[in-house]
>>> print(open('structure02.txt').read())   # compact mmCIF, C-alpha atoms and all ligand atoms
# COMPACT_ATOMS: atom_id res chain seq x y z
CA MET A 1 89.15 91.47 32.87
CA THR A 2 85.77 92.62 34.13
CA ASN A 3 84.34 91.59 37.46
CA ILE A 4 81.21 90.35 35.71
CA THR A 5 80.21 86.76 36.26
CA GLY A 6 78.35 86.43 32.97
CA PRO A 7 76.38 83.35 32.01
CA ASP A 8 76.26 80.10 33.99
CA SER A 9 74.07 77.02 33.81
CA ASP A 10 71.23 78.81 35.63
CA HIS A 11 71.69 82.05 33.69
CA PRO A 12 72.81 80.93 30.23
CA SER A 13 73.07 84.29 28.46
CA THR A 14 74.01 87.92 29.06
CA LEU A 15 72.18 91.02 27.87
CA VAL A 16 74.10 94.30 28.02
CA VAL A 17 71.96 97.45 28.15
CA VAL A 18 74.15 100.40 27.27
CA THR A 19 73.39 104.10 27.54
CA ALA A 20 75.75 107.04 27.02
CA THR A 21 74.81 108.84 30.22
CA VAL A 22 73.60 108.09 33.75
CA MET A 23 70.65 110.37 32.96
CA GLU A 24 69.53 108.05 30.14
CA MET A 25 70.08 104.90 32.23
CA ARG A 26 67.91 106.38 35.02
CA ALA A 27 65.23 107.14 32.43
CA VAL A 28 65.40 103.64 30.94
CA PHE A 29 64.96 101.98 34.33
CA ALA A 30 62.66 104.61 35.84
CA HIS A 31 60.09 101.98 36.84
CA TRP A 32 62.58 99.37 38.04
CA ASP A 33 64.36 99.18 41.36
CA GLY A 34 68.02 98.28 41.69
CA GLU A 35 71.39 99.86 41.25
CA ILE A 36 72.22 102.22 38.37
CA PRO A 37 75.90 102.39 37.34
CA GLU A 38 77.98 105.53 37.62
CA GLU A 39 79.43 107.25 34.55
CA LEU A 40 81.76 104.85 32.66
CA GLY A 41 80.71 102.06 35.03
CA TRP A 42 78.60 98.93 34.92
CA VAL A 43 76.53 96.80 37.27
CA GLU A 44 75.31 93.23 36.83
CA ARG A 45 71.89 91.96 37.87
CA ARG A 46 70.85 88.33 37.96
CA GLU A 47 67.45 87.93 36.31
CA SER A 48 65.44 84.71 35.98
CA TRP A 49 66.38 84.54 32.27
CA GLY A 50 70.08 85.37 32.58
CA SER A 51 72.59 88.05 33.43
CA LEU A 52 71.61 91.69 32.82
CA VAL A 53 74.56 94.09 32.63
CA LEU A 54 73.89 97.84 32.69
CA LEU A 55 76.72 99.87 31.13
CA VAL A 56 77.02 103.67 31.08
CA CYS A 57 79.57 103.95 28.28
CA GLY A 58 80.15 107.72 28.33
CA VAL A 59 79.35 110.31 25.65
CA GLY A 60 80.83 110.04 22.16
CA PRO A 61 82.25 107.31 19.94
CA VAL A 62 85.63 107.06 21.68
CA ASN A 63 84.07 106.43 25.10
CA ALA A 64 81.50 104.08 23.57
CA GLY A 65 84.08 101.93 21.75
CA ILE A 66 86.41 101.70 24.74
CA SER A 67 83.68 100.95 27.28
CA LEU A 68 81.81 98.32 25.30
CA GLY A 69 84.99 96.77 23.85
CA HIS A 70 86.46 96.38 27.33
CA LEU A 71 83.26 94.81 28.61
CA LEU A 72 82.76 92.43 25.68
CA GLY A 73 86.42 91.39 25.78
CA GLY A 74 85.98 90.14 29.35
CA LEU A 75 82.57 88.49 29.05
CA PRO A 76 82.33 84.76 28.48
CA GLY A 77 79.46 83.12 26.66
CA PRO A 78 76.65 84.42 24.46
CA VAL A 79 75.95 88.11 24.82
CA GLY A 80 73.61 90.58 23.15
CA VAL A 81 73.79 94.37 23.31
CA LEU A 82 70.85 96.79 23.52
CA ASN A 83 71.66 100.50 23.16
CA LEU A 84 68.97 102.82 24.51
CA GLY A 85 69.10 106.60 24.58
CA VAL A 86 67.99 109.88 23.08
CA ALA A 87 68.84 111.29 19.65
CA GLY A 88 68.29 114.29 17.45
CA ALA A 89 65.99 114.03 14.39
CA PHE A 90 66.72 115.75 11.08
CA CYS A 91 63.00 116.38 10.47
CA LEU A 92 60.45 116.77 13.27
CA GLU A 93 57.52 116.42 10.86
CA THR A 94 58.64 112.87 10.05
CA LEU A 95 60.06 112.01 13.48
CA PRO A 96 58.37 114.18 16.12
CA LEU A 97 59.81 114.84 19.59
CA GLY A 98 59.36 111.76 21.79
CA LYS A 99 59.09 109.27 18.94
CA ALA A 100 60.92 105.96 19.45
CA VAL A 101 62.99 104.66 16.52
CA LEU A 102 64.88 101.47 15.68
CA VAL A 103 68.25 102.01 13.93
CA ASP A 104 68.91 99.80 10.90
CA GLU A 105 71.97 101.63 9.55
CA GLU A 106 74.82 103.44 11.26
CA ILE A 107 77.05 105.93 9.42
CA TRP A 108 80.19 107.67 10.73
CA PRO A 109 80.37 110.86 8.63
CA GLU A 110 83.66 111.99 10.20
CA TYR A 111 85.75 109.03 8.96
CA GLY A 112 88.15 109.37 6.01
CA LEU A 113 89.93 112.17 4.16
CA LEU A 114 88.43 115.62 4.63
CA THR A 115 89.03 118.04 1.75
CA ALA A 116 87.33 121.17 0.47
CA SER A 117 84.85 119.00 -1.44
CA GLY A 118 83.83 117.07 1.66
CA ILE A 119 84.84 113.80 3.22
CA ASP A 120 85.91 110.70 1.31
CA PRO A 121 85.64 107.61 3.57
CA LYS A 122 88.13 105.73 1.37
CA GLY A 123 90.44 108.75 0.95
CA ILE A 124 93.20 107.49 3.23
CA GLY A 125 92.91 103.97 1.84
CA LEU A 126 92.56 102.39 5.29
CA SER A 127 89.31 100.70 6.28
CA LEU A 128 88.23 100.19 9.87
CA GLY A 129 88.49 96.44 9.38
CA LYS A 130 86.41 93.71 7.79
CA ALA A 131 82.92 92.45 8.49
CA GLU A 132 81.83 89.24 6.73
CA GLU A 133 84.92 89.53 4.47
CA TYR A 134 84.02 93.06 3.26
CA PRO A 135 85.95 96.18 4.33
CA VAL A 136 84.05 98.56 6.59
CA TRP A 137 84.53 102.24 5.82
CA ASP A 138 81.96 104.67 7.22
CA ARG A 139 78.77 102.52 7.14
CA LEU A 140 77.35 99.52 8.94
CA LYS A 141 74.12 97.89 7.84
CA LEU A 142 72.31 96.47 10.86
CA GLU A 143 69.72 93.73 11.20
CA PRO A 144 67.87 94.92 14.27
CA GLU A 145 64.85 92.64 13.89
CA VAL A 146 66.95 89.50 13.44
CA ASP A 147 69.18 90.50 16.34
CA ALA A 148 66.20 91.40 18.54
CA GLU A 149 64.70 87.99 17.83
CA ASN A 150 67.95 86.33 18.94
CA MET A 151 67.86 88.39 22.11
CA LYS A 152 64.11 87.81 22.67
CA LEU A 153 63.47 91.56 22.59
CA ASP A 154 60.23 93.05 21.28
CA VAL A 155 60.87 95.82 18.71
CA ALA A 156 57.77 95.25 16.57
CA GLY A 157 56.17 98.37 15.14
CA LEU A 158 59.09 100.72 15.72
CA SER A 159 59.98 103.01 12.80
CA LYS A 160 63.31 102.01 11.27
CA VAL A 161 65.81 104.80 10.68
CA SER A 162 69.27 105.52 9.33
CA SER A 163 71.54 107.12 11.92
CA LEU A 164 74.68 109.28 11.88
CA THR A 165 77.20 109.04 14.72
CA VAL A 166 79.24 112.18 15.35
CA SER A 167 81.80 113.49 17.84
CA GLY A 168 80.86 117.05 16.99
CA VAL A 169 77.12 117.52 17.49
CA SER A 170 75.59 119.53 14.64
CA GLY A 171 75.19 123.00 16.11
CA THR A 172 73.69 124.89 13.17
CA ALA A 173 70.84 124.37 10.72
CA GLU A 174 73.41 124.61 7.89
CA ARG A 175 75.49 121.70 9.22
CA ALA A 176 72.33 119.65 9.82
CA GLU A 177 71.16 120.28 6.26
CA GLU A 178 74.60 119.42 4.83
CA LEU A 179 74.62 116.04 6.64
CA ARG A 180 70.96 115.28 5.92
CA THR A 181 71.27 115.87 2.19
CA ARG A 182 74.60 114.05 1.87
CA TYR A 183 73.58 110.92 3.79
CA ALA A 184 69.75 110.94 3.69
CA ALA A 185 69.96 110.17 7.40
CA ASP A 186 67.03 110.38 9.81
CA VAL A 187 68.71 110.84 13.20
CA GLU A 188 72.01 111.93 14.76
CA ASN A 189 73.62 110.47 17.89
CA MET A 190 77.11 110.21 19.36
CA GLU A 191 77.71 106.51 20.14
CA GLY A 192 75.75 104.20 17.82
CA PHE A 193 78.38 103.51 15.17
CA ALA A 194 81.07 102.70 17.75
CA LEU A 195 78.75 100.35 19.66
CA ALA A 196 77.61 98.63 16.46
CA TRP A 197 81.21 98.19 15.31
CA ALA A 198 82.27 96.75 18.68
CA CYS A 199 79.40 94.25 18.41
CA ARG A 200 80.38 93.32 14.83
CA ARG A 201 83.98 92.75 15.98
CA PHE A 202 82.82 90.56 18.88
CA LYS A 203 80.07 88.87 16.82
CA ALA A 204 77.38 89.97 19.26
CA PRO A 205 73.83 90.85 18.17
CA PHE A 206 73.10 94.58 18.48
CA VAL A 207 69.87 96.55 18.77
CA GLN A 208 69.69 100.34 19.06
CA VAL A 209 66.48 102.13 20.09
CA ARG A 210 66.46 105.89 20.57
CA THR A 211 63.77 108.44 21.39
CA ILE A 212 63.79 111.87 19.78
CA SER A 213 64.88 114.66 22.14
CA ASN A 214 65.57 117.49 19.67
CA LEU A 215 65.83 118.77 16.15
CA VAL A 216 69.39 118.30 14.87
CA GLY A 217 71.19 121.63 14.53
CA SER A 218 68.72 123.71 16.53
CA ARG A 219 69.43 125.44 19.85
CA ASP A 220 65.84 126.76 20.03
CA ALA A 221 63.96 125.49 23.13
CA LYS A 222 60.83 124.80 21.07
CA HIS A 223 62.80 122.14 19.18
CA TRP A 224 63.83 120.30 22.35
CA ASP A 225 61.98 118.01 24.77
CA LEU A 226 64.49 115.98 26.79
CA PRO A 227 62.00 115.18 29.62
CA GLY A 228 59.49 113.85 27.06
CA ALA A 229 62.17 111.75 25.34
CA LYS A 230 63.18 110.29 28.72
CA ARG A 231 59.57 109.40 29.59
CA ARG A 232 59.19 107.68 26.24
CA LEU A 233 62.43 105.76 26.87
CA ALA A 234 60.94 104.32 30.07
CA GLU A 235 57.74 103.30 28.22
CA ILE A 236 59.52 101.73 25.28
CA THR A 237 61.90 99.81 27.56
CA ARG A 238 58.91 98.08 29.18
CA VAL A 239 57.65 97.08 25.73
CA ILE A 240 61.07 95.86 24.57
CA PHE A 241 61.41 93.63 27.64
CA GLN A 242 57.82 92.35 27.76
CA ARG A 243 58.62 89.15 25.84
CA ILE A 244 61.53 88.17 28.08
CA ASP A 245 59.42 88.93 31.16
CA MET A 246 56.41 86.97 29.89
CA GLU A 247 58.45 83.94 28.82
CA CYS A 248 60.08 83.81 32.23
CA ARG A 249 56.73 83.83 34.02
CA GLN A 250 55.51 80.80 32.05
O1 LIG B 301 73.27 120.54 24.94
C1 LIG B 301 73.40 120.02 23.83
O2 LIG B 301 73.67 120.66 22.83
C2 LIG B 301 73.17 118.58 23.69
C3 LIG B 301 73.18 118.08 22.41
C4 LIG B 301 72.97 116.76 22.23
C5 LIG B 301 72.71 115.92 23.31
C6 LIG B 301 72.69 116.43 24.58
C7 LIG B 301 72.40 115.56 25.76
O3 LIG B 301 72.34 115.98 26.86
C8 LIG B 301 72.18 114.08 25.58
C9 LIG B 301 73.47 113.28 25.29
C10 LIG B 301 73.23 112.13 24.27
O4 LIG B 301 72.18 112.40 23.42
C11 LIG B 301 72.42 111.99 22.10
N1 LIG B 301 71.94 113.09 21.26
C12 LIG B 301 70.77 113.72 21.48
N2 LIG B 301 70.56 114.64 20.55
C13 LIG B 301 71.60 114.63 19.71
C14 LIG B 301 71.92 115.39 18.56
O5 LIG B 301 71.19 116.28 18.09
N3 LIG B 301 73.12 115.11 17.96
C15 LIG B 301 73.94 114.15 18.44
N4 LIG B 301 73.66 113.42 19.54
C16 LIG B 301 72.50 113.65 20.17
C17 LIG B 301 73.89 111.66 22.03
O6 LIG B 301 74.04 110.30 21.72
C18 LIG B 301 74.45 111.97 23.42
O7 LIG B 301 75.17 110.91 23.97
C19 LIG B 301 72.91 117.76 24.79
>>> encode(input="structure02.txt", output="structure tokens", more="lines below")
Ligand SMILES: O=C(O)c1cccc(C(=O)CC[C@H]2O[C@@H](n3cnc4c(=O)[nH]cnc43)[C@H](O)[C@@H]2O)c1
Amino acid sequence: MTNITGPDSDHPSTLVVVTATVMEMRAVFAHWDGEIPEELGWVERRESWGSLVLLVCGVGPVNAGISLGHLLGGLPGPVGVLNLGVAGAFCLETLPLGKAVLVDEEIWPEYGLLTASGIDPKGIGLSLGKAEEYPVWDRLKLEPEVDAENMKLDVAGLSKVSSLTVSGVSGTAERAEELRTRYAADVENMEGFALAWACRRFKAPFVQVRTISNLVGSRDAKHWDLPGAKRRLAEITRVIFQRIDMECRQ
């Protein structure tokens, strides 16, 4: 069990904000005071609208699934999950450094049977489980606008993208091109699929917003701007929370 109080009659819902790293959590809450969790830790804040839990889930899908699954398993009452962080873009002309995006599809391109002709998500015949009666293989369709509405988050105007979640970050232009052409994906990250799947399993709404920190597959400094992506994270967080904040002031 977690040591999180969760909702009560004064605070009837819980919003979990999850980042992979402490660095991203500090960026997200750059303009806010209060405690930031350590790596693989969480802190709870009581807000006027409910319980706000900040979770640093750790890098990669294994950490993400364990951390969020553990938390959701111990939380009573209605809960929504907002994943904020940085991501690589497959094309900087379409998604320039610093741009904020809203993920409406998560793909796990490392799941299945890997042969010389590539990966077959159904190749071992075992799905990850079922969602709404259908087996889940390597893809999860998300409904970020519906879920954001349920969580009273403001995501209007953000570009919607398809995202790949990987354990092995694409380290060459060739690997990036192989993934981009196979999946027609827009961005690459390391936690999104696992977080989305945990939310599907626990029937929690899920919203993922990322800002672009780099070109996928490039190690060239001109294709990276982590400080800019972090600044944009802080800005977009204020926008995402403006509706909750305004409604609570009324
Ligand atoms: O030094 C590196 O090569 C490196 C590559 C990716 C990310 C980092 C970070 O320090 C941030 C960790 C966090 O960022 C997400 N992310 C950002 N860009 C990518 C990418 O091109 N491919 C996959 N993930 C990316 C990821 O979710 C990490 O948790 C350093």
>>> residues_near_ligand(input="structure02.txt", ligand="ligand LIG 301 (chain B)", cutoff="10 Å", atoms="all atoms listed in the file", output="PyMOL selection string")
chain A and resi 19-24+57-61+64+84-90+163-171+176+187-192+210-219+224+226+229
>>> residues_around(input="structure02.txt", residues="Gln242 (chain A)", least_positions_apart="6", cutoff="10 Å", atoms="all atoms listed in the file", output="list of chain:residue names")
A:Lys152, A:Leu153, A:Asp154, A:Ile236, A:Cys248
>>> write_last_selection(input="structure02.txt", atoms="C-alpha atoms", output="CSV table (one decimal), in the frame of the given file")
chain,number,residue,atom,x,y,z
A,152,LYS,CA,64.1,87.8,22.7
A,153,LEU,CA,63.5,91.6,22.6
A,154,ASP,CA,60.2,93.0,21.3
A,236,ILE,CA,59.5,101.7,25.3
A,248,CYS,CA,60.1,83.8,32.2
>>> residues_around(input="structure02.txt", residues="region 142-151 of chain A", least_positions_apart="3", cutoff="9 Å", atoms="only C-alpha atoms", output="JSON, numbers by chain")
{"A": [15, 79, 80, 81, 82, 102, 103, 104, 105, 106, 154, 155, 156, 160, 196, 204, 205, 206, 207, 208, 244]}
>>> closest_residue(input="structure02.txt", among="A:Asp120, A:Gly50, A:Leu128, A:Arg231", to="Pro78 (chain A)", atoms="only C-alpha atoms")
A:Gly50
>>> atom_distance(input="structure02.txt", atom1="CA of Arg200 (chain A)", atom2="CA of Ala131 (chain A)")
6.9 Å
>>> atom_distance(input="structure02.txt", atom1="CA of Arg238 (chain A)", atom2="CA of Leu95 (chain A)")
21.0 Å
>>> closest_residue(input="structure02.txt", among="A:Arg201, A:Pro76, A:Lys99, A:Phe241", to="Leu158 (chain A)", atoms="all atoms listed in the file")
A:Lys99
>>> closest_residue(input="structure02.txt", among="A:Trp32, A:Trp49, A:Phe193, A:Phe202", to="Val62 (chain A)", atoms="all atoms listed in the file")
A:Phe193
>>> atom_distance(input="structure02.txt", atom1="CA of Glu44 (chain A)", atom2="CA of Val16 (chain A)")
9.0 Å
>>> closest_residue(input="structure02.txt", among="A:Lys230, A:Arg243, A:Lys141, A:Lys130", to="Arg26 (chain A)", atoms="only C-alpha atoms")
A:Lys230
>>> closest_residue(input="structure02.txt", among="A:Ala221, A:Val161, A:Ile66, A:Leu75", to="Val209 (chain A)", atoms="only C-alpha atoms")
A:Val161
>>> closest_residue(input="structure02.txt", among="A:Ala173, A:Ala194, A:Val239, A:Ile4", to="Gly73 (chain A)", atoms="only C-alpha atoms")
A:Ile4
